[in-house]
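*Asks:* Below is the structure I would like to discuss, written out as structure tokens.
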Amino acid sequence: VYPTLPSMFVSNNACSVPSSFWLTGIPGLESLHMWLSIPFGSMYLVAVVGNITILAVVKTERSLHQPMYFFLCMLAVIDLVLSTSTMPKLLAIFWFGACSIGLDACLVQMFFVHCFATVESGIFLAMAFDRYVAICDPLHHTSVLTHAVVGRLGLAALLRGVFYIGPLPLLIRLRLPFFRTQIIAHSYCEHMAVVTLACGDTKVNNLYGMGIGFLVLILDSIAITASYIMIFRAVLGLSTSDARFKTLGTCGSHICAILVFYIPIAVSSLTHRFGHNVPSHIHILLANFYLLIPPILNPVVYAVRTKQIRERLLHIIKSGTQHKDM
């Protein structure tokens, strides 16, 4: 049975200072929450196991201690943080009706979701640079992309995420203390879902959110596309088709991961901005999928397309099977 909304969360259109909010889960599908928990719980489990496996394989396999795989480990950690920022709370709503979330906890969740999505975009940009150097200037790849440089690029992506997204919850805390209602028609504390409930002028919050979205998604996409245009030009200059195919093959996993990350975000954003006739539960489902699909598919893409990871996984599976037989 779906929980009854406490009287303290019932909106009377009067502005008040909330100490907590009420997340609705998937609005319009409350009767299906228990059933929805099965696919969402399964996807979260697959995401956690898959990304931990990638981290373990890269750690134990010395041949994978290269810039591309260090960036892959960064992606795995980011995906674990992104999915864990929202899925446990969503499952608690589905299973126990635990819809209440404190104001500070809501703002922390908002920060983690948007910050690490920004960090992931930055890592993809760093990976594009790595592929560019590896293909267009292979003789200097190891001297340019040293372990220290890889670490600094990862740190720069993290600091950029903190710098860009840190003001989002702060602007709400400092500028928007009053809210018309405490009911958030969402499954997690998404920035716009919270801002639209506020009393007062939200223009600064809206403009800042849109500006950050432009800086991260549009500019990063342009930079990644530019790097791949230069890569393709270099590949086309290779003498044989076999060499061209082999060189492009090293970029395949990265291109797939980029598409897996950006396409769900683009679809969710376009649906949110222009899909005014789209039911609210479709918006919320898309918003959750874009936080779950990359963590699920990134390990699969790299495990399938990367020979070293695939062979190491098969070796671990065979070793485990032989150990059981003994």
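We name chains A, B, ... following the order of the structure tokens; residues begin at 1 in each chain, and ligands are numbered from 1 as shown.
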Where does DSSP see alpha helix (DSSP H) in region 35-192 of chain A, if you list the residues as an MDAnalysis selection string?
*Replies:* chainID A and resid 35:60 67:96 103:136 141:144 147:165 167:175 191:192
*Asks:* Which residues are close to region 233-250 of chain A, i.e. within 9 Å by only C-alpha atoms, leaving aside same-chain residues fewer than 4 positions away? Reply as a VMD selection string.
*Replies:* chain A and resid 131 135 to 136 228 to 229 254 305 to 306
*Asks:* Can you spit out the residues from that selection as a PDB file, in the first residue's frame, using all heavy atoms?
*Replies:*
```pdb
ATOM      1  N   ARG A 131      42.954   9.525 -26.627  1.00  0.00           N
ATOM      2  CA  ARG A 131      42.857   8.856 -27.927  1.00  0.00           C
ATOM      3  C   ARG A 131      43.496   9.700 -29.027  1.00  0.00           C
ATOM      4  O   ARG A 131      44.128   9.160 -29.948  1.00  0.00           O
ATOM      5  CB  ARG A 131      41.397   8.561 -28.266  1.00  0.00           C
ATOM      6  CG  ARG A 131      40.720   7.497 -27.433  1.00  0.00           C
ATOM      7  CD  ARG A 131      41.376   6.126 -27.566  1.00  0.00           C
ATOM      8  NE  ARG A 131      42.517   5.974 -26.659  1.00  0.00           N
ATOM      9  CZ  ARG A 131      43.515   5.137 -26.839  1.00  0.00           C
ATOM     10  NH1 ARG A 131      43.556   4.391 -27.926  1.00  0.00           N
ATOM     11  NH2 ARG A 131      44.497   5.054 -25.969  1.00  0.00           N
ATOM     12  N   ILE A 135      46.753   8.331 -31.217  1.00  0.00           N
ATOM     13  CA  ILE A 135      46.624   8.068 -32.658  1.00  0.00           C
ATOM     14  C   ILE A 135      47.360   9.105 -33.501  1.00  0.00           C
ATOM     15  O   ILE A 135      48.006   8.764 -34.492  1.00  0.00           O
ATOM     16  CB  ILE A 135      45.132   8.003 -33.044  1.00  0.00           C
ATOM     17  CG1 ILE A 135      44.506   6.740 -32.428  1.00  0.00           C
ATOM     18  CG2 ILE A 135      44.943   8.005 -34.556  1.00  0.00           C
ATOM     19  CD1 ILE A 135      43.012   6.670 -32.539  1.00  0.00           C
ATOM     20  N   CYS A 136      47.266  10.366 -33.103  1.00  0.00           N
ATOM     21  CA  CYS A 136      47.867  11.437 -33.917  1.00  0.00           C
ATOM     22  C   CYS A 136      49.336  11.689 -33.576  1.00  0.00           C
ATOM     23  O   CYS A 136      50.081  12.235 -34.405  1.00  0.00           O
ATOM     24  CB  CYS A 136      47.068  12.729 -33.764  1.00  0.00           C
ATOM     25  SG  CYS A 136      45.370  12.583 -34.365  1.00  0.00           S
ATOM     26  N   TYR A 228      37.766  14.013 -32.366  1.00  0.00           N
ATOM     27  CA  TYR A 228      37.544  12.845 -33.218  1.00  0.00           C
ATOM     28  C   TYR A 228      37.605  13.188 -34.708  1.00  0.00           C
ATOM     29  O   TYR A 228      37.970  12.333 -35.525  1.00  0.00           O
ATOM     30  CB  TYR A 228      36.226  12.151 -32.854  1.00  0.00           C
ATOM     31  CG  TYR A 228      36.464  11.080 -31.819  1.00  0.00           C
ATOM     32  CD1 TYR A 228      36.260  11.324 -30.471  1.00  0.00           C
ATOM     33  CD2 TYR A 228      36.960   9.832 -32.188  1.00  0.00           C
ATOM     34  CE1 TYR A 228      36.528  10.362 -29.523  1.00  0.00           C
ATOM     35  CE2 TYR A 228      37.226   8.860 -31.253  1.00  0.00           C
ATOM     36  CZ  TYR A 228      37.012   9.122 -29.925  1.00  0.00           C
ATOM     37  OH  TYR A 228      37.302   8.164 -28.982  1.00  0.00           O
ATOM     38  N   ILE A 229      37.286  14.412 -35.060  1.00  0.00           N
ATOM     39  CA  ILE A 229      37.473  14.829 -36.455  1.00  0.00           C
ATOM     40  C   ILE A 229      38.961  14.768 -36.804  1.00  0.00           C
ATOM     41  O   ILE A 229      39.346  14.254 -37.873  1.00  0.00           O
ATOM     42  CB  ILE A 229      36.918  16.255 -36.674  1.00  0.00           C
ATOM     43  CG1 ILE A 229      35.377  16.230 -36.642  1.00  0.00           C
ATOM     44  CG2 ILE A 229      37.413  16.825 -38.005  1.00  0.00           C
ATOM     45  CD1 ILE A 229      34.744  17.611 -36.644  1.00  0.00           C
ATOM     46  N   HIS A 254      35.387   3.823 -26.536  1.00  0.00           N
ATOM     47  CA  HIS A 254      35.198   5.197 -26.061  1.00  0.00           C
ATOM     48  C   HIS A 254      34.004   5.864 -26.739  1.00  0.00           C
ATOM     49  O   HIS A 254      33.193   6.521 -26.085  1.00  0.00           O
ATOM     50  CB  HIS A 254      36.474   6.005 -26.324  1.00  0.00           C
ATOM     51  CG  HIS A 254      36.410   7.405 -25.790  1.00  0.00           C
ATOM     52  ND1 HIS A 254      36.795   8.500 -26.535  1.00  0.00           N
ATOM     53  CD2 HIS A 254      35.981   7.894 -24.602  1.00  0.00           C
ATOM     54  CE1 HIS A 254      36.604   9.600 -25.823  1.00  0.00           C
ATOM     55  NE2 HIS A 254      36.124   9.263 -24.655  1.00  0.00           N
ATOM     56  N   ARG A 305      34.490  -5.140 -25.828  1.00  0.00           N
ATOM     57  CA  ARG A 305      35.334  -4.594 -26.891  1.00  0.00           C
ATOM     58  C   ARG A 305      36.820  -4.570 -26.549  1.00  0.00           C
ATOM     59  O   ARG A 305      37.648  -4.308 -27.432  1.00  0.00           O
ATOM     60  CB  ARG A 305      34.872  -3.170 -27.246  1.00  0.00           C
ATOM     61  CG  ARG A 305      33.481  -3.104 -27.874  1.00  0.00           C
ATOM     62  CD  ARG A 305      33.246  -1.722 -28.464  1.00  0.00           C
ATOM     63  NE  ARG A 305      34.234  -1.412 -29.490  1.00  0.00           N
ATOM     64  CZ  ARG A 305      34.126  -1.731 -30.769  1.00  0.00           C
ATOM     65  NH1 ARG A 305      33.081  -2.391 -31.210  1.00  0.00           N
ATOM     66  NH2 ARG A 305      35.071  -1.400 -31.637  1.00  0.00           N
ATOM     67  N   THR A 306      37.189  -4.795 -25.300  1.00  0.00           N
ATOM     68  CA  THR A 306      38.600  -4.714 -24.916  1.00  0.00           C
ATOM     69  C   THR A 306      39.145  -6.116 -24.678  1.00  0.00           C
ATOM     70  O   THR A 306      38.695  -6.821 -23.769  1.00  0.00           O
ATOM     71  CB  THR A 306      38.776  -3.858 -23.646  1.00  0.00           C
ATOM     72  OG1 THR A 306      38.168  -2.581 -23.861  1.00  0.00           O
ATOM     73  CG2 THR A 306      40.244  -3.665 -23.327  1.00  0.00           C
TER      74      THR A 306
END
```
*Asks:* Find the spatial neighbours of Arg180 (chain A), counting only C-alpha atoms, within a cut-off of 7 Å - ignore same-chain residues fewer than 5 positions away - and output them as a PDB file with N, CA and C atoms, in the first residue's frame.
*Replies:*
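Resulting contents of result-v5.pdb:
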```pdb
ATOM      1  N   ASN A  13      -0.745  26.207  -0.398  1.00  0.00           N
ATOM      2  CA  ASN A  13      -0.355  27.360  -1.219  1.00  0.00           C
ATOM      3  C   ASN A  13       0.227  28.514  -0.403  1.00  0.00           C
ATOM      4  N   ALA A  14       0.564  28.261   0.859  1.00  0.00           N
ATOM      5  CA  ALA A  14       1.217  29.282   1.686  1.00  0.00           C
ATOM      6  C   ALA A  14       2.713  28.988   1.725  1.00  0.00           C
ATOM      7  N   CYS A  15       3.535  30.019   1.610  1.00  0.00           N
ATOM      8  CA  CYS A  15       4.983  29.820   1.620  1.00  0.00           C
ATOM      9  C   CYS A  15       5.455  29.529   3.037  1.00  0.00           C
ATOM     10  N   SER A  16       6.368  28.558   3.155  1.00  0.00           N
ATOM     11  CA  SER A  16       6.893  28.185   4.464  1.00  0.00           C
ATOM     12  C   SER A  16       8.351  27.769   4.316  1.00  0.00           C
ATOM     13  N   LEU A 197       9.469  24.733  -6.999  1.00  0.00           N
ATOM     14  CA  LEU A 197       8.590  24.767  -5.824  1.00  0.00           C
ATOM     15  C   LEU A 197       8.801  26.012  -4.973  1.00  0.00           C
ATOM     16  N   ALA A 198       9.848  26.769  -5.281  1.00  0.00           N
ATOM     17  CA  ALA A 198      10.249  27.873  -4.404  1.00  0.00           C
ATOM     18  C   ALA A 198       9.379  29.107  -4.593  1.00  0.00           C
ATOM     19  N   CYS A 199       9.207  29.838  -3.502  1.00  0.00           N
ATOM     20  CA  CYS A 199       8.610  31.172  -3.566  1.00  0.00           C
ATOM     21  C   CYS A 199       9.731  32.171  -3.870  1.00  0.00           C
TER      22      CYS A 199
END
```
*Asks:* I'd like the interatomic distance between CA of Ile309 (chain A) and CA of Phe71 (chain A), to a tenth of an Å.
*Replies:*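 One can read the CA of Ile309 (chain A) to CA of Phe71 (chain A) distance as 14.2 Å.
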*Asks:* Which residues are close to Thr84 (chain A), i.e. within 9 Å by only C-alpha atoms, leaving aside same-chain residues fewer than 5 positions away? Reply as an MDAnalysis selection string.
*Replies:* chainID A and resid 44 48 79 89
*Asks:* Using only C-alpha atoms, what does the table of region 186-231 of chain A residues within 10 Å of region 152-173 of chain A look like, with each row giving the shortest atom pair and its distance in Å to one decimal, sorted by chain and ascending number, as JSON lines?
*Replies:*
```
{"residue": "A:His191", "atom": "CA", "partner": "A:Leu168", "partner_atom": "CA", "distance": 7.5}
{"residue": "A:Val194", "atom": "CA", "partner": "A:Ile172", "partner_atom": "CA", "distance": 8.6}
{"residue": "A:Val195", "atom": "CA", "partner": "A:Ile172", "partner_atom": "CA", "distance": 7.3}
{"residue": "A:Ala198", "atom": "CA", "partner": "A:Ile172", "partner_atom": "CA", "distance": 8.6}
{"residue": "A:Thr202", "atom": "CA", "partner": "A:Ile172", "partner_atom": "CA", "distance": 8.9}
{"residue": "A:Val204", "atom": "CA", "partner": "A:Leu171", "partner_atom": "CA", "distance": 8.4}
{"residue": "A:Asn205", "atom": "CA", "partner": "A:Leu171", "partner_atom": "CA", "distance": 6.7}
{"residue": "A:Asn206", "atom": "CA", "partner": "A:Leu168", "partner_atom": "CA", "distance": 9.7}
{"residue": "A:Tyr208", "atom": "CA", "partner": "A:Leu168", "partner_atom": "CA", "distance": 7.8}
{"residue": "A:Gly209", "atom": "CA", "partner": "A:Leu168", "partner_atom": "CA", "distance": 7.2}
{"residue": "A:Gly211", "atom": "CA", "partner": "A:Tyr164", "partner_atom": "CA", "distance": 9.8}
{"residue": "A:Ile212", "atom": "CA", "partner": "A:Tyr164", "partner_atom": "CA", "distance": 6.7}
{"residue": "A:Gly213", "atom": "CA", "partner": "A:Tyr164", "partner_atom": "CA", "distance": 9.7}
{"residue": "A:Leu215", "atom": "CA", "partner": "A:Tyr164", "partner_atom": "CA", "distance": 9.3}
{"residue": "A:Val216", "atom": "CA", "partner": "A:Tyr164", "partner_atom": "CA", "distance": 9.0}
```
*Asks:* Output as a ChimeraX atom specification all residues of region 40-253 of chain A that backbone DSSP marks as strand (DSSP E or B).
*Replies:* /A:100-102,179,183-184,198
*Asks:* Give the answer as one residue: which of A:Met68, A:Gln182, A:Phe116, A:Lys59 has the shortest atom-to-atom distance to Val133 (chain A), using only C-alpha atoms?
*Replies:* A:Met68
*Asks:* Give the answer as one residue: which of A:Gly200, A:Pro138, A:His281, A:Ser20 has the shortest atom-to-atom distance to Asp104 (chain A), using only C-alpha atoms?
*Replies:*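 Of the candidates, the smallest distance to Asp104 (chain A) is held by A:Ser20.
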*Asks:* For Ser143 (chain A), which residue out of A:Gly252, A:Lys203, A:Asp130, A:Val57 is the nearest one, using only C-alpha atoms?
*Replies:*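 Under the stated criterion, the closest residue is A:Asp130.
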*Asks:* Measuring between only C-alpha atoms, which one of A:Ala105, A:Val150, A:Met87, A:Leu176 shows the shortest distance to Phe289 (chain A)?
*Replies:*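 Checking each of A:Ala105, A:Val150, A:Met87, A:Leu176 against Phe289 (chain A), counting only C-alpha atoms, the winner is A:Met87.
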*Asks:* Using only C-alpha atoms, which residue out of A:Gly102, A:Pro279, A:Pro299, A:Gly97 lies closest to Thr24 (chain A)?
*Replies:*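 That would be A:Gly97, the residue with the smallest distance to Thr24 (chain A).
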*Asks:* To one decimal in Å, tell me the separation between CA of Ser221 (chain A) and CA of Phe111 (chain A).
*Replies:*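 So the answer is 22.1 Å.
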*Asks:* What is the distance, in Å and to one decimal place, between CA of Ala303 (chain A) and CA of Ile78 (chain A)?
*Replies:*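 CA of Ala303 (chain A) sits 17.6 Å away from CA of Ile78 (chain A).
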*Asks:* For each of A:Phe94, A:Val267, A:Phe214, A:Tyr302, take the minimum atom-to-atom distance to Leu55 (chain A), counting only C-alpha atoms, then give the residue where this is smallest.
*Replies:*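 Residue with the minimum atom-to-atom distance to Leu55 (chain A): A:Tyr302.
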*Asks:* Any idea what's packed within 8 Å of Leu90 (chain A), counting only C-alpha atoms, ignoring anything in its chain fewer than 6 positions away? Could you give it as a VMD selection string?
*Replies:* chain A and resid 25 187 to 188
*Asks:* The selected residues should be written to file as a CSV table (one decimal), in the first residue's frame (atoms: all heavy atoms).
*Replies:*
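And here is the file that came out, selection05.csv:
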```
chain,number,residue,atom,x,y,z
A,25,GLY,N,8.4,9.5,-5.8
A,25,GLY,CA,8.8,8.4,-6.5
A,25,GLY,C,8.5,8.6,-8.0
A,25,GLY,O,9.0,9.5,-8.6
A,187,SER,N,11.7,11.4,-8.2
A,187,SER,CA,12.2,10.3,-7.4
A,187,SER,C,13.5,10.7,-6.7
A,187,SER,O,13.9,10.0,-5.8
A,187,SER,CB,12.4,9.1,-8.3
A,187,SER,OG,13.3,9.4,-9.3
A,188,TYR,N,14.1,11.8,-7.1
A,188,TYR,CA,15.3,12.3,-6.4
A,188,TYR,C,15.3,13.9,-6.5
A,188,TYR,O,14.4,14.4,-7.2
A,188,TYR,CB,16.6,11.7,-6.9
A,188,TYR,CG,16.9,12.0,-8.4
A,188,TYR,CD1,17.6,13.2,-8.8
A,188,TYR,CD2,16.5,11.2,-9.4
A,188,TYR,CE1,17.8,13.5,-10.1
A,188,TYR,CE2,16.7,11.4,-10.7
A,188,TYR,CZ,17.4,12.6,-11.1
A,188,TYR,OH,17.7,12.8,-12.4
```
*Asks:* Report as a list in words all protein, DNA and RNA residues lying within 8 Å of Leu23 (chain A), evaluated on only C-alpha atoms, omitting residues in the same chain fewer than 4 positions from it.
*Replies:* Cys99, Ser100, Ile101, Ile183, Ile184, Ala185, His186, Ser187, Tyr188 and Cys189 of chain A
